[in-house]
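To keep things clear, I will list the structure first and then write my remarks on it.
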Amino acid sequence: MSHDGVGMRAVLRSAAFLTAGALAASLLAGCGSDEEPSRPLAGQDIDLVARDQVAEGGTLKWAVDAVPETLNTFQADADAGTTRVAQAVLPSMFRLDASGRPVANPAYLESAKVIETEPRQVVLYKLNQQAVWSDGREIGAADFVAQWRALSGKDSAYWTARNAGYDRIEKIERGANDLQVRVTFSRPFADWKSLFSPLYPKDVMGTPDAFNDGARRKLNVTAGPFKVEKVDTAAKDIVLTRNPRWWGKPAKLNEIVLHAVDRDKRAAALADGTVDLADVDPAEAERINLASRQGGTGTPLQGAGKTSAKKLRSWALAHGFDSDEVKAGKKKLSRAITRYLEQQEKLHAFDVRKSLEPAYTQLALNGAEGPLADERVRRAVARAIDREELAKLVLTPLGLPAVPVGSHLALSGQADYVDNSGALGGVDTKEAAALLADAGWVLGGPVKEQKKAEKAAGAESTKKQKKEEDESDGGDDGQYIVGEDDKGSDDKGKHHESAEEKREKGDEGGKHLSQDGKQYNGGQGGAPGAYAPKGTAAPAGAVTGPLAKDGKALALRFVLPSGPGSETLNSVAERIAAMLDKVGIRTTITKVSDESYFKDHVAAGDYDLALYSWPSSAFPATDARPIYAKPVPAADGSVNVEQNFTRVGTDQVDQLFDQAASALDEDEARDLIRKADSRIWAAAGSIPLYQRPQLVGARKDLVNAGAFGFQTPVYEDMGFLKKGAKVSPSPSGS
């Protein structure tokens with residue numbers, strides 16, 4: 001999770017409003033180590049078969065979002081493609097199992113364990129005696145030392161994005177022989193298993209120039225089942241080929257080609273053979289499933305060129321064609337439909353493999369200033385939201401478990417997971433209303449005239465905001481205030497359906513929802529969203545007038561990106577806005593360009609509410625601390641928020657993270673992480689909603705690949721099924 005306050009109030013005015021700390025403490029009694037471990041909500045779906053059932057040779061073409069800017073995972077612009085390359089070509093001392101827990105990688109380690117705790121923690125790594133770099137040199141202490149020095153944070157000439165853990169190392173030495181590496185820590189470090197995964201050769205880590213520039217577009221020395229053959233930015237490819245010096249089980253595939261394909265073009269890329277494996281959104285997953293069910297055609301429509309224009313447009317709308325195609329002339333639309341039908345025929349050769357990503361979508365509440373600076377208002381927002389309903393909205397149509405995420409720091413199946421949402425409380429509109437009243441927000445109070453698009457927390461100019469809205473999708477249509485029933489007043493008579501109307505017509509089914517696609521969090525996590533139609537009516541039972549305080553109505557600016565792949569968060573944002581409207585909180589939903597969403601809004605603090613995702617981590621004490629650390633004033637008057645983009649933090653949470661990072665007893669560390677999570681819940685800076693769906697389109701004969709869930713892929717086992725062999729049905733398959 002490498003990827004920016006307001007403290008909790010000490011006393012609230014009545015017994016009904018417990019302090020966050022007291023409430024959290026009262027809910028921690030059950031966090032002991034005697035609890036049964038949780039299980040992953042969905043298993044991996046990769047068409048798992050034994051290696052002897054996999055054919056020798058072949059090329060796997062695998063879709064990625066973009067050709068990575070760097071192949072160095074420790075640089076700030078590393079992305080998911082960077083990680084995928086590193087997993088295939090570099091050593092990792094530990095990798096994740098199906099429950100998201102670190103396990104020693106036998107290809108590189110015979111063993112690794114803490115052998116001393118006093119006076120210093122010492123970890124002894126015993127390396128696999130066959131492990132060598134592709135240039136023939138043994139993997140050894142020199143590589144560990146070079147990586148430690150590069151990532152320790154002591155030399156600013158190395159442009160590193162993270163050094164957590166490496167900054168606690170005091171020294172690294174050769175052990176009893178060349179296959180042993182002794183790592184001594186200056187301070188105890190519970191997450192030591194996170195280190196040296198991946199491990200780069202000393203050639204990359206040895207000098208600042210090699211670190212900063214040498215591994216951005218090439219890796220000359222590797223040590224995995226594959227090696228980097230070339231990075232072809234023109235063709236948008238990274239070509240990985242078998243490593244002839246690999247000592248483990250030989251790779252089944254000759255090549256893996258990572259090819260950049262836009263999210264909204266994945267089904268077409270599968271159909272035309274550009275890729276064999278691709279993460280897809282729910283709409284494209286439904287296309288693939290439909291083709292499989294109907295023998296390839298996916299539709300009864302035939303003879304598109306002879307069909308009336310009206311019928312063509314109706315069919316195109318029902319099948320998710322974009323507005324430009326639908327509005328085109330009959331000839332152009334007919335060609336588009338014919339192309340679509342041809343693709344459907346070819347998609348019959350693919351299936352959809354599904355699981356849940358090791359990541360969750362959250363609602364972020366900016367606590368820097370404005371109404372959400374008051375913890376009671378944040379808690380009221382949280383109590384007004386039905387997280388179970390939102391999970392069902394996204395996951396039930398996909399046939400995935402619709403269970404709300406109960407932790408900020410782990411997901412179900414991971415050792416640290418326990419549902420701590422009780423520290424905040426479940427959906428309760430009466431309690432939400434009471435919290436708002438206690439904070440001074442009065443129903444029907446006097447309201448001074450305010451501009452609709454009044455700027456939320458942050459310092460960006462209204463001019464810049466308006467420019468973004470105009471560029472994103474047409475001026476005033478880029479925002480609207482939920483609860484203002486002004487259909488047609490400024491929309492040239494055009495009718496926009498409300499969320500309730502859509503549900504009645506069944507328009508919010510799975511085939512119309514789109515996965516949170518791109519990630520907006522400076523490198524990992526985050527997700528795009530969209531907006532609800534202007535003029536969406538307030539739902540039945542909503543508060544009829546705004547809450548007001550000091551002459552201002554309680555209104556929050558809900559900022560979301562506007563690009564492709566936004567349907568899921570469009571629906572989620574709409575539903576959240578309707579829930580808040582029921583307790584008198586108005587939301588102005590504004591969509592901005594994808595390019596500016598994270599950098600100019602979330603990271604800059606120019607929002608009240610936002611939706612984005614965080615990946616889970618097997619090492620939350622290390623990886624999650626910057627996300628929830630209390631913002632600290634800097635010498636120049638600015639505030640250092642690290643990755644705490646909600647700007648809500650407390651000294652107590654920071655202390656719990658520090659204690660957990662130093663606790664070498666696993667049970668003690670787990671209890672500290674769970675306590676930290678309870679207090680994060682109680683502060684109500686962010687509200688975890690649901691684990692993200694993982695939908696992967698794959699050739700039906702491709703095995704040991706697909707929706708991996710938590711587990712690190714085993715690249716050497718991927719390949720194509722031998723003729724005559726069969727795949728056992730996956731318990732989590734579609």
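Residue names in the structure tokens use chain letters A, B, ... in the order shown, residue numbers from 1 in each chain, and ligand numbers from 1 in the order shown.
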Counting only C-alpha atoms, which residues of stretch 350-466 of chain A sit at most 12 Å from some atom of stretch 33-55 of chain A, and what is each one's closest atom pair with its distance in Å to one decimal, listed by chain and rising residue number, as a Markdown table?
| residue | atom | partner | partner_atom | distance |
| --- | --- | --- | --- | --- |
| A:Asp351 | CA | A:Asp47 | CA | 10.6 |
| A:Val352 | CA | A:Asp45 | CA | 9.2 |
| A:Arg353 | CA | A:Asp45 | CA | 5.5 |
| A:Lys354 | CA | A:Asp45 | CA | 5.9 |
| A:Ser355 | CA | A:Ala42 | CA | 5.5 |
| A:Leu356 | CA | A:Ala42 | CA | 6.0 |
| A:Glu357 | CA | A:Ala42 | CA | 9.3 |
| A:Pro358 | CA | A:Pro40 | CA | 9.7 |
| A:Leu395 | CA | A:Ala42 | CA | 11.5 |
| A:Gly399 | CA | A:Ala42 | CA | 10.4 |
| A:Leu400 | CA | A:Ala42 | CA | 7.3 |
| A:Pro401 | CA | A:Leu41 | CA | 6.3 |
| A:Ala402 | CA | A:Leu41 | CA | 8.9 |
| A:Val403 | CA | A:Leu41 | CA | 8.0 |
| A:Pro404 | CA | A:Leu41 | CA | 10.5 |
| A:Val405 | CA | A:Leu41 | CA | 10.3 |
| A:Gly406 | CA | A:Ser38 | CA | 11.5 |
| A:Ala410 | CA | A:Ser38 | CA | 10.6 |
| A:Leu411 | CA | A:Pro40 | CA | 7.7 |
| A:Ser412 | CA | A:Pro40 | CA | 5.0 |
| A:Gly413 | CA | A:Arg39 | CA | 3.8 |
| A:Gln414 | CA | A:Ser38 | CA | 6.9 |
| A:Ala415 | CA | A:Pro37 | CA | 6.6 |
| A:Asp416 | CA | A:Pro37 | CA | 8.7 |
| A:Tyr417 | CA | A:Ser38 | CA | 6.8 |
| A:Val418 | CA | A:Ser38 | CA | 7.5 |
| A:Asp419 | CA | A:Ser38 | CA | 9.8 |
For the selection just defined, write its residues with C-alpha atoms to a file, as an mmCIF file, in the first residue's frame.
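What follows is the written file result-v7.cif:
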data_model
loop_
_atom_site.group_PDB
_atom_site.id
_atom_site.type_symbol
_atom_site.label_atom_id
_atom_site.label_comp_id
_atom_site.auth_asym_id
_atom_site.auth_seq_id
_atom_site.Cartn_x
_atom_site.Cartn_y
_atom_site.Cartn_z
ATOM 1 C CA ASP A 351 -14.821 -16.955 -20.042
ATOM 2 C CA VAL A 352 -14.967 -14.645 -17.028
ATOM 3 C CA ARG A 353 -13.050 -15.566 -13.902
ATOM 4 C CA LYS A 354 -14.093 -13.680 -10.823
ATOM 5 C CA SER A 355 -13.028 -13.070 -7.274
ATOM 6 C CA LEU A 356 -12.589 -10.062 -5.015
ATOM 7 C CA GLU A 357 -9.576 -7.800 -5.350
ATOM 8 C CA PRO A 358 -7.282 -7.343 -2.344
ATOM 9 C CA LEU A 395 -21.477 -7.123 -5.766
ATOM 10 C CA GLY A 399 -22.599 -13.173 -7.993
ATOM 11 C CA LEU A 400 -19.988 -12.134 -5.434
ATOM 12 C CA PRO A 401 -20.374 -12.023 -1.630
ATOM 13 C CA ALA A 402 -21.908 -8.658 -0.690
ATOM 14 C CA VAL A 403 -20.324 -8.174 2.728
ATOM 15 C CA PRO A 404 -19.289 -4.659 3.818
ATOM 16 C CA VAL A 405 -15.623 -4.275 4.723
ATOM 17 C CA GLY A 406 -15.222 -4.081 8.497
ATOM 18 C CA ALA A 410 -7.069 -5.724 6.550
ATOM 19 C CA LEU A 411 -9.606 -7.698 4.550
ATOM 20 C CA SER A 412 -11.468 -10.862 5.460
ATOM 21 C CA GLY A 413 -9.057 -13.790 5.338
ATOM 22 C CA GLN A 414 -6.040 -11.825 6.505
ATOM 23 C CA ALA A 415 -4.659 -12.425 9.972
ATOM 24 C CA ASP A 416 -5.293 -8.872 11.189
ATOM 25 C CA TYR A 417 -8.912 -8.746 10.057
ATOM 26 C CA VAL A 418 -11.766 -8.274 12.467
ATOM 27 C CA ASP A 419 -14.923 -6.235 11.932
#
Can you pull out every residue within 12 Å of stretch 230-236 of chain A, counting only C-alpha atoms, but drop anything in the same chain fewer than 3 positions away, and send it as a PyMOL selection string?
chain A and resi 61-71+81-82+85+215-220+226-227+239-241+255-262+274
Worksheet entry | Top pick for closest residue to A:Asp272, considering A:Ser593, A:Gln343, A:Ser99, A:Gln694 and counting only C-alpha atoms |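 For A:Asp272, the nearest of the candidates is A:Gln343.
Those residues in stretch 132-209 of chain A carrying a DSSP assignment of alpha helix (DSSP H), computed from the backbone, are A:Ala141, A:Ala142, A:Asp143, A:Phe144, A:Val145, A:Ala146, A:Gln147, A:Trp148, A:Arg149, A:Ala150, A:Leu151, A:Lys202, A:Asp203, A:Val204, A:Met205, A:Pro208, A:Asp209.
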Open item on the list: List as a ChimeraX atom specification the protein and nucleic acid residues near stretch 374-379 of chain A, meaning an atom at most 8 Å away when only C-alpha atoms are counted, but skip any in the same chain fewer than 3 places from it.
Closed with: /A:6,8-9,365,367,370-371,382-383,424,432,435-436,438-439,682-685
The selected residues should be written to file as a tab-separated table (two decimals), in the first residue's frame (atoms: C-alpha atoms).
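What follows is the written file again_24.tsv:
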chain	number	residue	atom	x	y	z
A	6	VAL	CA	-8.71	16.79	12.97
A	8	MET	CA	-11.23	13.33	18.07
A	9	ARG	CA	-13.07	15.51	20.54
A	365	LEU	CA	-14.54	12.64	4.42
A	367	GLY	CA	-11.86	16.76	7.94
A	370	GLY	CA	-15.90	23.11	6.84
A	371	PRO	CA	-18.74	21.05	8.35
A	382	ALA	CA	-21.31	7.59	8.51
A	383	ARG	CA	-24.44	6.65	10.50
A	424	LEU	CA	-18.66	3.82	14.90
A	432	ALA	CA	-27.35	10.71	12.69
A	435	LEU	CA	-25.44	14.03	16.15
A	436	LEU	CA	-26.19	16.83	13.69
A	438	ASP	CA	-25.77	18.33	18.85
A	439	ALA	CA	-23.35	19.94	16.39
A	682	ALA	CA	-14.42	6.09	15.62
A	683	ALA	CA	-12.76	9.18	14.12
A	684	ALA	CA	-14.91	8.71	10.98
A	685	GLY	CA	-12.41	10.13	8.50
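Nearest residue to A:Asn72 among A:Arg149, A:Arg182, A:Arg287, A:Arg84 is A:Arg84, counting only C-alpha atoms.
Shortest atom-to-atom contact with A:Ser571 among A:Lys392, A:Val648, A:Ala603, A:Asn254: A:Lys392, counting only C-alpha atoms.
The space separating atom CA of A:Arg293 from atom CA of A:His348 comes to 8.2 Å.
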Could you check which of A:Gln344, A:Val183, A:Ala336, A:Asp701 is closest to A:Glu284, using only C-alpha atoms?
->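 The shortest atom-to-atom distance to A:Glu284 comes from A:Gln344.
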Review point. When DSSP works through the backbone of this structure, what residues of stretch 75-238 of chain A end up as strand (DSSP E), shown as a PyMOL selection string?
Key: chain A and resi 94-96+102-104+109-116+122-127+169-174+180-185+226-232+237-238
What separates atom CA of A:Thr646 and atom CA of A:Asp677 is a distance of 15.3 Å
Separating atom CA of A:Ala373 from atom CA of A:Ile673, to the nearest tenth of an Å, is a gap of 25.2 Å
Q.
So that I can see what lies close to stretch 90-96 of chain A, please list as number ranges by chain the residues with an atom at most 7 Å from it, counting only C-alpha atoms and leaving out residues fewer than 2 positions away in the same chain.
A. A: 86-88, 98, 100-105, 108-109, 193, 196-200, 222-224, 710-712
- Query: Can you tell me, as a ChimeraX atom specification, what residues are no more than 10 Å from A:Ala267 when counting only C-alpha atoms, ignoring any on the same chain fewer than 3 positions away?
  - Reply: /A:263-264,270-272,275,278-281,283-285,287-288,340,343-344,347,350,697
Could you write out that same residue set with C-alpha atoms as a compact mmCIF listing (two decimals), in the first residue's frame?
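Ended up saving to result05.txt:
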# COMPACT_ATOMS: atom_id res chain seq x y z
CA ARG A 263 -10.10 -0.36 -19.84
CA ASP A 264 -13.04 0.35 -22.12
CA LEU A 270 -9.85 -10.11 -26.38
CA ALA A 271 -12.05 -10.69 -29.42
CA ASP A 272 -9.43 -9.65 -31.96
CA VAL A 275 -4.73 -10.12 -25.58
CA ALA A 278 -7.51 -8.94 -19.21
CA ASP A 279 -9.17 -7.37 -16.20
CA VAL A 280 -12.58 -6.22 -17.42
CA ASP A 281 -15.40 -4.15 -16.02
CA ALA A 283 -20.38 -4.48 -18.55
CA GLU A 284 -17.68 -6.18 -20.62
CA ALA A 285 -17.79 -9.25 -18.39
CA ARG A 287 -20.66 -9.34 -22.91
CA ILE A 288 -18.31 -12.29 -22.53
CA TYR A 340 -19.97 -5.76 -32.21
CA GLN A 343 -16.68 -9.62 -31.69
CA GLN A 344 -19.40 -11.55 -29.87
CA LEU A 347 -15.76 -13.90 -27.42
CA PHE A 350 -13.41 -16.72 -23.52
CA GLY A 697 -11.67 -12.20 -19.20
